[in-house]
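Participant: What follows is a structure written as structure tokens; I'll ask about it next.
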Amino acid sequence: MKFLAVLLAAGMLAFLGAIICIIASVHPAGTAAPAAVPAADNDSAAAALLPALASAGPRLPGGPPPPPLFSRFVCTPLSAECPATGPGTGPATGPGPEELLALRSAAAQLRRTALEQKERIRMDQETIRELTGKLSRCEGGLRTPAAAPPAAAAGLRAAPRPGTMGHPPAEPPAVRELEEAVRALQDRIDRIEQELPARTNGSVPTTPALARDALHTKMEQLEEQLLSKILTLQKERQAANTDRSQQQHDIEKELNFLQNRVTELEHGPPVYSPPDAFKVTIPVQNNYMYARMKKSLPELYAFTICMWLKSKALAGLGTPFSYSVPSQANEIVLLEWGTNPLELLINDKVAQLPLSLKDKAWHHVCVAWTTRDGKWSAYQDGEQRGAGENLASWHAIKPQGVIILGQEQDTLGGRFDATQAFVGELAQFSVWDHMLAPAEILGLANCTSHLQGNVIQWDDQAVEVFGGASKGGFAACEEGRKA
């Protein structure tokens, strides 16, 4: 702002000097010249008219007084030999054509000079604003601003440069200082612009940049340590869950062995003749009573699963059986949960079965399926009650899974839900690798056939019971007639 004020003052003084020069040039032509005043340079006349203006120019503290303002303007001298009008003299004669032409030329030249000075002042103002804004933006983008040049720090007093801005060599100090300030700003901006790419590319790293890089490195190390710790904890957790499940399985196995041993001692060893003449009883709905088949399934493209069951549930039937593989918990499931109808799930695809098994009586149930078009059929007591297609079409039943009787598996062999558990009795669970004919299923249901499953057979040595589930004797047709 100080530079702008000095520049405006210099411009105003230059403009006033031009006006005074015009007045001094045309004065002898408009009025009578005093007889005692000889013809002289109009610079001295203009200086005599405005001594106060010459001394009122801008002055910096401690600096020398500014030079005369009118020394920068060249005023055309006019002839002072103009006839005066007075008593005893003839009428005044006007100036000749040559003098008028010279006066007009001088006035036009002074006017052009004034306009040039005004335009230059405006351009200097715009340059100062542009350079100041550019410097502010550059300094704002750096954390450590560059040091001010010695010339600017010393109060912007630098050696004058002749001929600047089209003026004569003898310029006022204020103008010289303004030029030096502008030049200092330009040099400062040039240095900042040269330093910015180098700092951006990291060729001259600053202290904040080094600190930021160190912080990022430290954060990456901490993230790696945290991830490693999380993976370790997950492995430990999985190992603990596996150990706990194994321990629980071992405990249940020991308890069942002891329970069976006590039963043998009390009632003698059970004799199932034939070996499939037994049933599994699950008396309470919970998540730890169940039976497990020791044998798994091979890869199947069709199957028939048949069994005898008697439900004691008050609401849904629960889960008579479920087959789970490592990649799919619901590979094959027969489930009735809550108020939902009985459903057959294959590879987590669902078909609703129109069977009614909640009358607390024994029923023979069969479900058959083939991967070809996903065709399925459901039988109750030897009669087909439902059929359909597009159930897991062209899907192959995966091998090496786990067959659980009485519980629905959310993971391979575990994570049972008590609300989906079966309560009642199960027997004669068998699996074939093809769809049985309706006549074969009817023979199994009315006890006229003793067809055994060619994949899974119901055998005392092939079934384990856990959590309080027990085995007992069973004669299919006799139990059915009792019901």
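Residues in the structure tokens are numbered from 1 in each chain, the chains being A, B, ... in the order shown, and ligands are numbered from 1 in the order shown.
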Would you list, as a PDB file with N, CA, C and O atoms, in the first residue's frame, the residues of range 194-358 of chain A that end up in strand (DSSP E) under DSSP run on this structure's backbone?

Facilitator:
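New file out_17.pdb:
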ATOM      1  N   PHE A 278     -33.557-101.586  15.282  1.00  0.00           N
ATOM      2  CA  PHE A 278     -33.426-100.672  16.426  1.00  0.00           C
ATOM      3  C   PHE A 278     -33.870 -99.278  15.984  1.00  0.00           C
ATOM      4  O   PHE A 278     -34.012 -98.991  14.789  1.00  0.00           O
ATOM      5  N   LYS A 279     -34.072 -98.452  16.970  1.00  0.00           N
ATOM      6  CA  LYS A 279     -34.470 -97.063  16.724  1.00  0.00           C
ATOM      7  C   LYS A 279     -33.633 -96.133  17.601  1.00  0.00           C
ATOM      8  O   LYS A 279     -33.062 -96.557  18.617  1.00  0.00           O
ATOM      9  N   VAL A 280     -33.594 -94.868  17.196  1.00  0.00           N
ATOM     10  CA  VAL A 280     -32.906 -93.831  17.974  1.00  0.00           C
ATOM     11  C   VAL A 280     -33.968 -92.930  18.574  1.00  0.00           C
ATOM     12  O   VAL A 280     -34.856 -92.428  17.861  1.00  0.00           O
ATOM     13  N   THR A 281     -33.859 -92.712  19.876  1.00  0.00           N
ATOM     14  CA  THR A 281     -34.830 -91.877  20.586  1.00  0.00           C
ATOM     15  C   THR A 281     -34.149 -90.582  21.033  1.00  0.00           C
ATOM     16  O   THR A 281     -33.097 -90.619  21.686  1.00  0.00           O
ATOM     17  N   ILE A 282     -34.796 -89.444  20.697  1.00  0.00           N
ATOM     18  CA  ILE A 282     -34.338 -88.123  21.148  1.00  0.00           C
ATOM     19  C   ILE A 282     -35.478 -87.536  21.964  1.00  0.00           C
ATOM     20  O   ILE A 282     -36.469 -87.036  21.408  1.00  0.00           O
ATOM     21  N   TYR A 290     -28.347 -86.054  19.484  1.00  0.00           N
ATOM     22  CA  TYR A 290     -28.428 -86.389  18.077  1.00  0.00           C
ATOM     23  C   TYR A 290     -27.766 -87.741  17.845  1.00  0.00           C
ATOM     24  O   TYR A 290     -27.117 -88.308  18.732  1.00  0.00           O
ATOM     25  N   ALA A 291     -27.920 -88.242  16.620  1.00  0.00           N
ATOM     26  CA  ALA A 291     -27.239 -89.455  16.178  1.00  0.00           C
ATOM     27  C   ALA A 291     -26.426 -89.119  14.938  1.00  0.00           C
ATOM     28  O   ALA A 291     -26.800 -88.237  14.145  1.00  0.00           O
ATOM     29  N   ARG A 292     -25.322 -89.829  14.767  1.00  0.00           N
ATOM     30  CA  ARG A 292     -24.415 -89.547  13.646  1.00  0.00           C
ATOM     31  C   ARG A 292     -24.116 -90.836  12.917  1.00  0.00           C
ATOM     32  O   ARG A 292     -23.771 -91.857  13.529  1.00  0.00           O
ATOM     33  N   MET A 293     -24.226 -90.783  11.589  1.00  0.00           N
ATOM     34  CA  MET A 293     -23.884 -91.934  10.763  1.00  0.00           C
ATOM     35  C   MET A 293     -22.366 -91.947  10.559  1.00  0.00           C
ATOM     36  O   MET A 293     -21.758 -90.930  10.211  1.00  0.00           O
ATOM     37  N   ALA A 302     -28.228 -88.762  -8.222  1.00  0.00           N
ATOM     38  CA  ALA A 302     -29.613 -89.088  -7.888  1.00  0.00           C
ATOM     39  C   ALA A 302     -29.586 -89.821  -6.552  1.00  0.00           C
ATOM     40  O   ALA A 302     -28.568 -90.399  -6.157  1.00  0.00           O
ATOM     41  N   PHE A 303     -30.715 -89.798  -5.840  1.00  0.00           N
ATOM     42  CA  PHE A 303     -30.772 -90.530  -4.566  1.00  0.00           C
ATOM     43  C   PHE A 303     -32.229 -90.761  -4.192  1.00  0.00           C
ATOM     44  O   PHE A 303     -33.147 -90.085  -4.686  1.00  0.00           O
ATOM     45  N   THR A 304     -32.391 -91.726  -3.287  1.00  0.00           N
ATOM     46  CA  THR A 304     -33.651 -91.942  -2.574  1.00  0.00           C
ATOM     47  C   THR A 304     -33.299 -92.155  -1.112  1.00  0.00           C
ATOM     48  O   THR A 304     -32.438 -92.987  -0.800  1.00  0.00           O
ATOM     49  N   ILE A 305     -33.937 -91.392  -0.239  1.00  0.00           N
ATOM     50  CA  ILE A 305     -33.711 -91.510   1.208  1.00  0.00           C
ATOM     51  C   ILE A 305     -35.042 -91.873   1.847  1.00  0.00           C
ATOM     52  O   ILE A 305     -36.044 -91.170   1.670  1.00  0.00           O
ATOM     53  N   CYS A 306     -35.018 -92.980   2.599  1.00  0.00           N
ATOM     54  CA  CYS A 306     -36.225 -93.431   3.281  1.00  0.00           C
ATOM     55  C   CYS A 306     -35.937 -93.638   4.758  1.00  0.00           C
ATOM     56  O   CYS A 306     -34.799 -93.970   5.151  1.00  0.00           O
ATOM     57  N   MET A 307     -36.975 -93.467   5.600  1.00  0.00           N
ATOM     58  CA  MET A 307     -36.824 -93.660   7.045  1.00  0.00           C
ATOM     59  C   MET A 307     -38.206 -93.753   7.683  1.00  0.00           C
ATOM     60  O   MET A 307     -39.214 -93.351   7.104  1.00  0.00           O
ATOM     61  N   TRP A 308     -38.204 -94.361   8.872  1.00  0.00           N
ATOM     62  CA  TRP A 308     -39.378 -94.348   9.720  1.00  0.00           C
ATOM     63  C   TRP A 308     -39.167 -93.269  10.781  1.00  0.00           C
ATOM     64  O   TRP A 308     -38.071 -93.122  11.326  1.00  0.00           O
ATOM     65  N   LEU A 309     -40.224 -92.504  11.084  1.00  0.00           N
ATOM     66  CA  LEU A 309     -40.097 -91.473  12.129  1.00  0.00           C
ATOM     67  C   LEU A 309     -41.429 -91.290  12.846  1.00  0.00           C
ATOM     68  O   LEU A 309     -42.508 -91.528  12.308  1.00  0.00           O
ATOM     69  N   LYS A 310     -41.283 -90.828  14.076  1.00  0.00           N
ATOM     70  CA  LYS A 310     -42.435 -90.526  14.939  1.00  0.00           C
ATOM     71  C   LYS A 310     -42.100 -89.253  15.701  1.00  0.00           C
ATOM     72  O   LYS A 310     -41.194 -89.250  16.534  1.00  0.00           O
ATOM     73  N   SER A 311     -42.821 -88.209  15.397  1.00  0.00           N
ATOM     74  CA  SER A 311     -42.526 -86.901  15.997  1.00  0.00           C
ATOM     75  C   SER A 311     -43.340 -86.701  17.264  1.00  0.00           C
ATOM     76  O   SER A 311     -44.518 -87.074  17.336  1.00  0.00           O
ATOM     77  N   GLY A 318     -39.130 -80.187  13.084  1.00  0.00           N
ATOM     78  CA  GLY A 318     -37.692 -80.100  13.330  1.00  0.00           C
ATOM     79  C   GLY A 318     -36.920 -80.617  12.127  1.00  0.00           C
ATOM     80  O   GLY A 318     -37.354 -80.519  10.980  1.00  0.00           O
ATOM     81  N   THR A 319     -35.757 -81.236  12.405  1.00  0.00           N
ATOM     82  CA  THR A 319     -34.877 -81.727  11.346  1.00  0.00           C
ATOM     83  C   THR A 319     -34.653 -83.228  11.543  1.00  0.00           C
ATOM     84  O   THR A 319     -33.804 -83.634  12.347  1.00  0.00           O
ATOM     85  N   PRO A 320     -35.362 -84.075  10.815  1.00  0.00           N
ATOM     86  CA  PRO A 320     -35.109 -85.510  10.940  1.00  0.00           C
ATOM     87  C   PRO A 320     -33.681 -85.883  10.525  1.00  0.00           C
ATOM     88  O   PRO A 320     -33.054 -86.729  11.160  1.00  0.00           O
ATOM     89  N   PHE A 321     -33.165 -85.278   9.437  1.00  0.00           N
ATOM     90  CA  PHE A 321     -31.774 -85.560   9.057  1.00  0.00           C
ATOM     91  C   PHE A 321     -31.218 -84.360   8.285  1.00  0.00           C
ATOM     92  O   PHE A 321     -31.956 -83.547   7.708  1.00  0.00           O
ATOM     93  N   SER A 322     -29.888 -84.272   8.256  1.00  0.00           N
ATOM     94  CA  SER A 322     -29.200 -83.230   7.478  1.00  0.00           C
ATOM     95  C   SER A 322     -27.853 -83.788   7.033  1.00  0.00           C
ATOM     96  O   SER A 322     -27.203 -84.543   7.755  1.00  0.00           O
ATOM     97  N   TYR A 323     -27.458 -83.392   5.800  1.00  0.00           N
ATOM     98  CA  TYR A 323     -26.164 -83.787   5.246  1.00  0.00           C
ATOM     99  C   TYR A 323     -25.411 -82.516   4.878  1.00  0.00           C
ATOM    100  O   TYR A 323     -25.905 -81.688   4.093  1.00  0.00           O
ATOM    101  N   SER A 324     -24.210 -82.356   5.454  1.00  0.00           N
ATOM    102  CA  SER A 324     -23.416 -81.145   5.264  1.00  0.00           C
ATOM    103  C   SER A 324     -22.053 -81.521   4.703  1.00  0.00           C
ATOM    104  O   SER A 324     -21.489 -82.570   5.042  1.00  0.00           O
ATOM    105  N   VAL A 325     -21.538 -80.650   3.832  1.00  0.00           N
ATOM    106  CA  VAL A 325     -20.187 -80.818   3.276  1.00  0.00           C
ATOM    107  C   VAL A 325     -19.398 -79.553   3.600  1.00  0.00           C
ATOM    108  O   VAL A 325     -19.965 -78.526   3.990  1.00  0.00           O
ATOM    109  N   GLN A 328     -20.770 -76.473   1.766  1.00  0.00           N
ATOM    110  CA  GLN A 328     -22.201 -76.203   1.790  1.00  0.00           C
ATOM    111  C   GLN A 328     -22.820 -76.915   2.995  1.00  0.00           C
ATOM    112  O   GLN A 328     -22.820 -78.149   3.063  1.00  0.00           O
ATOM    113  N   ALA A 329     -23.325 -76.107   3.946  1.00  0.00           N
ATOM    114  CA  ALA A 329     -23.921 -76.692   5.149  1.00  0.00           C
ATOM    115  C   ALA A 329     -25.255 -77.363   4.840  1.00  0.00           C
ATOM    116  O   ALA A 329     -25.646 -78.323   5.515  1.00  0.00           O
ATOM    117  N   ASN A 330     -25.990 -76.859   3.829  1.00  0.00           N
ATOM    118  CA  ASN A 330     -27.312 -77.398   3.503  1.00  0.00           C
ATOM    119  C   ASN A 330     -27.255 -78.154   2.176  1.00  0.00           C
ATOM    120  O   ASN A 330     -27.963 -77.840   1.220  1.00  0.00           O
ATOM    121  N   GLU A 331     -26.393 -79.183   2.121  1.00  0.00           N
ATOM    122  CA  GLU A 331     -26.306 -79.966   0.897  1.00  0.00           C
ATOM    123  C   GLU A 331     -27.570 -80.801   0.711  1.00  0.00           C
ATOM    124  O   GLU A 331     -28.157 -80.809  -0.374  1.00  0.00           O
ATOM    125  N   ILE A 332     -28.014 -81.518   1.762  1.00  0.00           N
ATOM    126  CA  ILE A 332     -29.316 -82.210   1.759  1.00  0.00           C
ATOM    127  C   ILE A 332     -29.906 -82.055   3.157  1.00  0.00           C
ATOM    128  O   ILE A 332     -29.267 -82.443   4.146  1.00  0.00           O
ATOM    129  N   VAL A 333     -31.112 -81.503   3.243  1.00  0.00           N
ATOM    130  CA  VAL A 333     -31.756 -81.294   4.551  1.00  0.00           C
ATOM    131  C   VAL A 333     -33.253 -81.550   4.399  1.00  0.00           C
ATOM    132  O   VAL A 333     -33.879 -81.088   3.438  1.00  0.00           O
ATOM    133  N   LEU A 334     -33.820 -82.293   5.377  1.00  0.00           N
ATOM    134  CA  LEU A 334     -35.268 -82.424   5.515  1.00  0.00           C
ATOM    135  C   LEU A 334     -35.646 -81.675   6.782  1.00  0.00           C
ATOM    136  O   LEU A 334     -35.217 -82.038   7.886  1.00  0.00           O
ATOM    137  N   LEU A 335     -36.463 -80.603   6.636  1.00  0.00           N
ATOM    138  CA  LEU A 335     -36.643 -79.659   7.740  1.00  0.00           C
ATOM    139  C   LEU A 335     -38.071 -79.137   7.757  1.00  0.00           C
ATOM    140  O   LEU A 335     -38.645 -78.817   6.703  1.00  0.00           O
ATOM    141  N   GLU A 336     -38.617 -79.052   8.964  1.00  0.00           N
ATOM    142  CA  GLU A 336     -39.867 -78.335   9.199  1.00  0.00           C
ATOM    143  C   GLU A 336     -39.665 -77.476  10.441  1.00  0.00           C
ATOM    144  O   GLU A 336     -39.546 -77.986  11.552  1.00  0.00           O
ATOM    145  N   GLU A 343     -39.878 -79.021   4.293  1.00  0.00           N
ATOM    146  CA  GLU A 343     -39.091 -78.613   3.130  1.00  0.00           C
ATOM    147  C   GLU A 343     -37.944 -79.580   2.895  1.00  0.00           C
ATOM    148  O   GLU A 343     -37.360 -80.110   3.845  1.00  0.00           O
ATOM    149  N   LEU A 344     -37.632 -79.776   1.602  1.00  0.00           N
ATOM    150  CA  LEU A 344     -36.451 -80.521   1.198  1.00  0.00           C
ATOM    151  C   LEU A 344     -35.459 -79.514   0.593  1.00  0.00           C
ATOM    152  O   LEU A 344     -35.788 -78.836  -0.391  1.00  0.00           O
ATOM    153  N   LEU A 345     -34.274 -79.428   1.184  1.00  0.00           N
ATOM    154  CA  LEU A 345     -33.235 -78.524   0.702  1.00  0.00           C
ATOM    155  C   LEU A 345     -32.131 -79.341   0.043  1.00  0.00           C
ATOM    156  O   LEU A 345     -31.643 -80.317   0.633  1.00  0.00           O
ATOM    157  N   ILE A 346     -31.743 -78.932  -1.164  1.00  0.00           N
ATOM    158  CA  ILE A 346     -30.614 -79.533  -1.877  1.00  0.00           C
ATOM    159  C   ILE A 346     -29.743 -78.382  -2.386  1.00  0.00           C
ATOM    160  O   ILE A 346     -30.223 -77.549  -3.175  1.00  0.00           O
ATOM    161  N   LYS A 349     -31.211 -75.065  -2.149  1.00  0.00           N
ATOM    162  CA  LYS A 349     -32.413 -74.798  -2.924  1.00  0.00           C
ATOM    163  C   LYS A 349     -33.574 -75.542  -2.269  1.00  0.00           C
ATOM    164  O   LYS A 349     -33.395 -76.626  -1.721  1.00  0.00           O
ATOM    165  N   VAL A 350     -34.791 -74.987  -2.337  1.00  0.00           N
ATOM    166  CA  VAL A 350     -35.892 -75.441  -1.502  1.00  0.00           C
ATOM    167  C   VAL A 350     -37.051 -75.941  -2.356  1.00  0.00           C
ATOM    168  O   VAL A 350     -37.406 -75.324  -3.371  1.00  0.00           O
ATOM    169  N   ALA A 351     -37.642 -77.054  -1.886  1.00  0.00           N
ATOM    170  CA  ALA A 351     -38.920 -77.553  -2.417  1.00  0.00           C
ATOM    171  C   ALA A 351     -39.812 -77.898  -1.228  1.00  0.00           C
ATOM    172  O   ALA A 351     -39.369 -78.559  -0.285  1.00  0.00           O
ATOM    173  N   GLN A 352     -41.049 -77.438  -1.254  1.00  0.00           N
ATOM    174  CA  GLN A 352     -41.978 -77.700  -0.157  1.00  0.00           C
ATOM    175  C   GLN A 352     -42.691 -79.029  -0.394  1.00  0.00           C
ATOM    176  O   GLN A 352     -43.172 -79.303  -1.492  1.00  0.00           O
TER     177      GLN A 352
END

Participant: What lies within 8 Å of Asn287 in chain A using only C-alpha atoms, ignoring chain neighbours under 3 positions off, as a list in words?

Facilitator: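 Non-adjacent residues within range: Gln407, Phe416, Asp417, Ala418 and Ala421 of chain A.
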
Participant: Using all heavy atoms, can you export the residues from the last selection as a CSV table (one decimal), in the first residue's frame?

Facilitator:
chain,number,residue,atom,x,y,z
A,407,GLN,N,-30.6,-83.1,14.1
A,407,GLN,CA,-30.2,-81.7,14.2
A,407,GLN,C,-29.9,-81.2,12.8
A,407,GLN,O,-29.5,-81.9,11.9
A,407,GLN,CB,-28.9,-81.7,15.0
A,407,GLN,CG,-29.1,-82.1,16.5
A,407,GLN,CD,-29.8,-81.0,17.3
A,407,GLN,OE1,-30.1,-79.9,16.9
A,407,GLN,NE2,-30.1,-81.4,18.6
A,416,PHE,N,-25.4,-76.5,16.1
A,416,PHE,CA,-26.9,-76.9,16.0
A,416,PHE,C,-27.7,-75.8,16.7
A,416,PHE,O,-27.2,-75.1,17.5
A,416,PHE,CB,-27.1,-78.2,16.8
A,416,PHE,CG,-26.2,-79.4,16.3
A,416,PHE,CD1,-25.6,-80.2,17.1
A,416,PHE,CD2,-26.0,-79.5,14.9
A,416,PHE,CE1,-24.8,-81.3,16.7
A,416,PHE,CE2,-25.2,-80.6,14.4
A,416,PHE,CZ,-24.6,-81.4,15.3
A,417,ASP,N,-29.0,-75.7,16.2
A,417,ASP,CA,-29.9,-74.8,16.8
A,417,ASP,C,-31.1,-75.6,17.4
A,417,ASP,O,-31.7,-76.4,16.8
A,417,ASP,CB,-30.5,-73.9,15.6
A,417,ASP,CG,-31.4,-72.8,16.1
A,417,ASP,OD1,-31.7,-72.8,17.3
A,417,ASP,OD2,-31.8,-71.9,15.3
A,418,ALA,N,-31.3,-75.3,18.7
A,418,ALA,CA,-32.3,-76.1,19.4
A,418,ALA,C,-33.7,-75.9,18.9
A,418,ALA,O,-34.5,-76.9,18.9
A,418,ALA,CB,-32.3,-75.7,20.9
A,421,ALA,N,-34.3,-78.6,16.2
A,421,ALA,CA,-34.0,-80.0,16.6
A,421,ALA,C,-35.3,-80.8,16.4
A,421,ALA,O,-36.4,-80.4,16.6
A,421,ALA,CB,-33.4,-80.0,18.0

Participant: For the atom pair CA of Glu389 in chain A and CA of Met435 in chain A, what is the interatomic distance in Å to one decimal place?

Facilitator: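 Separation between CA of Glu389 in chain A and CA of Met435 in chain A: 13.7 Å.
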
Participant: May I have the residues within 12 Å of Cys477 in chain A as a ChimeraX atom specification, using only C-alpha atoms and disregarding those fewer than 6 positions away in the same chain?

Facilitator: /A:277,308,362-364,381,427-428,443-450,483

Participant: Write out as a ChimeraX atom specification each polymer residue whose atoms come within 7 Å of range 128-135 of chain A, counting only C-alpha atoms; drop sequence neighbours fewer than 4 positions from it.

Facilitator: /A:124,139,182,185,189

Participant: Keeping only N, CA and C atoms, write those residues as a PDB file, in the first residue's frame.

Facilitator:
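again_39.pdb was written with the following content:
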ATOM      1  N   ASP A 124       1.260   0.304 -13.786  1.00  0.00           N
ATOM      2  CA  ASP A 124       2.076  -0.027 -12.604  1.00  0.00           C
ATOM      3  C   ASP A 124       1.205  -0.548 -11.472  1.00  0.00           C
ATOM      4  N   GLU A 139       3.799 -17.956  -1.354  1.00  0.00           N
ATOM      5  CA  GLU A 139       4.225 -18.091   0.044  1.00  0.00           C
ATOM      6  C   GLU A 139       3.229 -18.910   0.852  1.00  0.00           C
ATOM      7  N   VAL A 182       9.292  -3.505  -6.931  1.00  0.00           N
ATOM      8  CA  VAL A 182       8.708  -4.409  -7.929  1.00  0.00           C
ATOM      9  C   VAL A 182       9.734  -5.429  -8.393  1.00  0.00           C
ATOM     10  N   LEU A 185      10.216  -8.048  -5.738  1.00  0.00           N
ATOM     11  CA  LEU A 185       9.109  -9.004  -5.723  1.00  0.00           C
ATOM     12  C   LEU A 185       9.250 -10.007  -6.861  1.00  0.00           C
ATOM     13  N   ILE A 189       9.600 -14.024  -6.386  1.00  0.00           N
ATOM     14  CA  ILE A 189       8.657 -14.979  -6.986  1.00  0.00           C
ATOM     15  C   ILE A 189       9.398 -15.988  -7.855  1.00  0.00           C
TER      16      ILE A 189
END

Participant: Among range 388-468 of chain A, which ones does DSSP place in alpha helix (DSSP H), written as a list in words?

Facilitator: Pro438, Ala439, Glu440, Ile441, Leu442, Gly443, Leu444 and Ala445 of chain A

Participant: Write out, as a compact mmCIF listing (two decimals), in the first residue's frame, the residues just selected, with N, CA and C atoms.

Facilitator:
# COMPACT_ATOMS: atom_id res chain seq x y z
N PRO A 438 -42.07 -96.38 -7.47
CA PRO A 438 -43.16 -96.28 -6.48
C PRO A 438 -43.53 -97.62 -5.87
N ALA A 439 -43.44 -98.70 -6.63
CA ALA A 439 -43.78 -100.02 -6.08
C ALA A 439 -42.76 -100.44 -5.04
N GLU A 440 -41.48 -100.13 -5.24
CA GLU A 440 -40.46 -100.48 -4.25
C GLU A 440 -40.67 -99.71 -2.96
N ILE A 441 -41.05 -98.46 -3.09
CA ILE A 441 -41.29 -97.65 -1.88
C ILE A 441 -42.52 -98.17 -1.14
N LEU A 442 -43.54 -98.57 -1.87
CA LEU A 442 -44.73 -99.12 -1.23
C LEU A 442 -44.41 -100.42 -0.49
N GLY A 443 -43.54 -101.27 -1.06
CA GLY A 443 -43.15 -102.51 -0.38
C GLY A 443 -42.41 -102.23 0.91
N LEU A 444 -41.55 -101.19 0.94
CA LEU A 444 -40.85 -100.83 2.19
C LEU A 444 -41.85 -100.33 3.23
N ALA A 445 -42.87 -99.59 2.81
CA ALA A 445 -43.80 -98.99 3.76
C ALA A 445 -44.74 -100.03 4.37

Participant: Could you pull the residues within 6 Å of range 391-398 of chain A, counting only C-alpha atoms, minus those fewer than 5 positions along the same chain, as a list of chain:residue names?

Facilitator: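 Non-adjacent residues within range: A:Glu299, A:Leu300, A:Tyr301, A:Thr371, A:Arg372, A:Asp373, A:Gly374.
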
Participant: Calculate how many Å separate CA of Asp213 in chain A from CA of Leu227 in chain A, rounding to one decimal.

Facilitator: 21.2 Å

Participant: For a quick check of understanding, using only C-alpha atoms, which of A:Trp376, A:Asp276, A:Ala462, A:Gln117 has the smallest distance to Leu13 in chain A?

Facilitator: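 The shortest atom-to-atom distance to Leu13 in chain A comes from A:Gln117.
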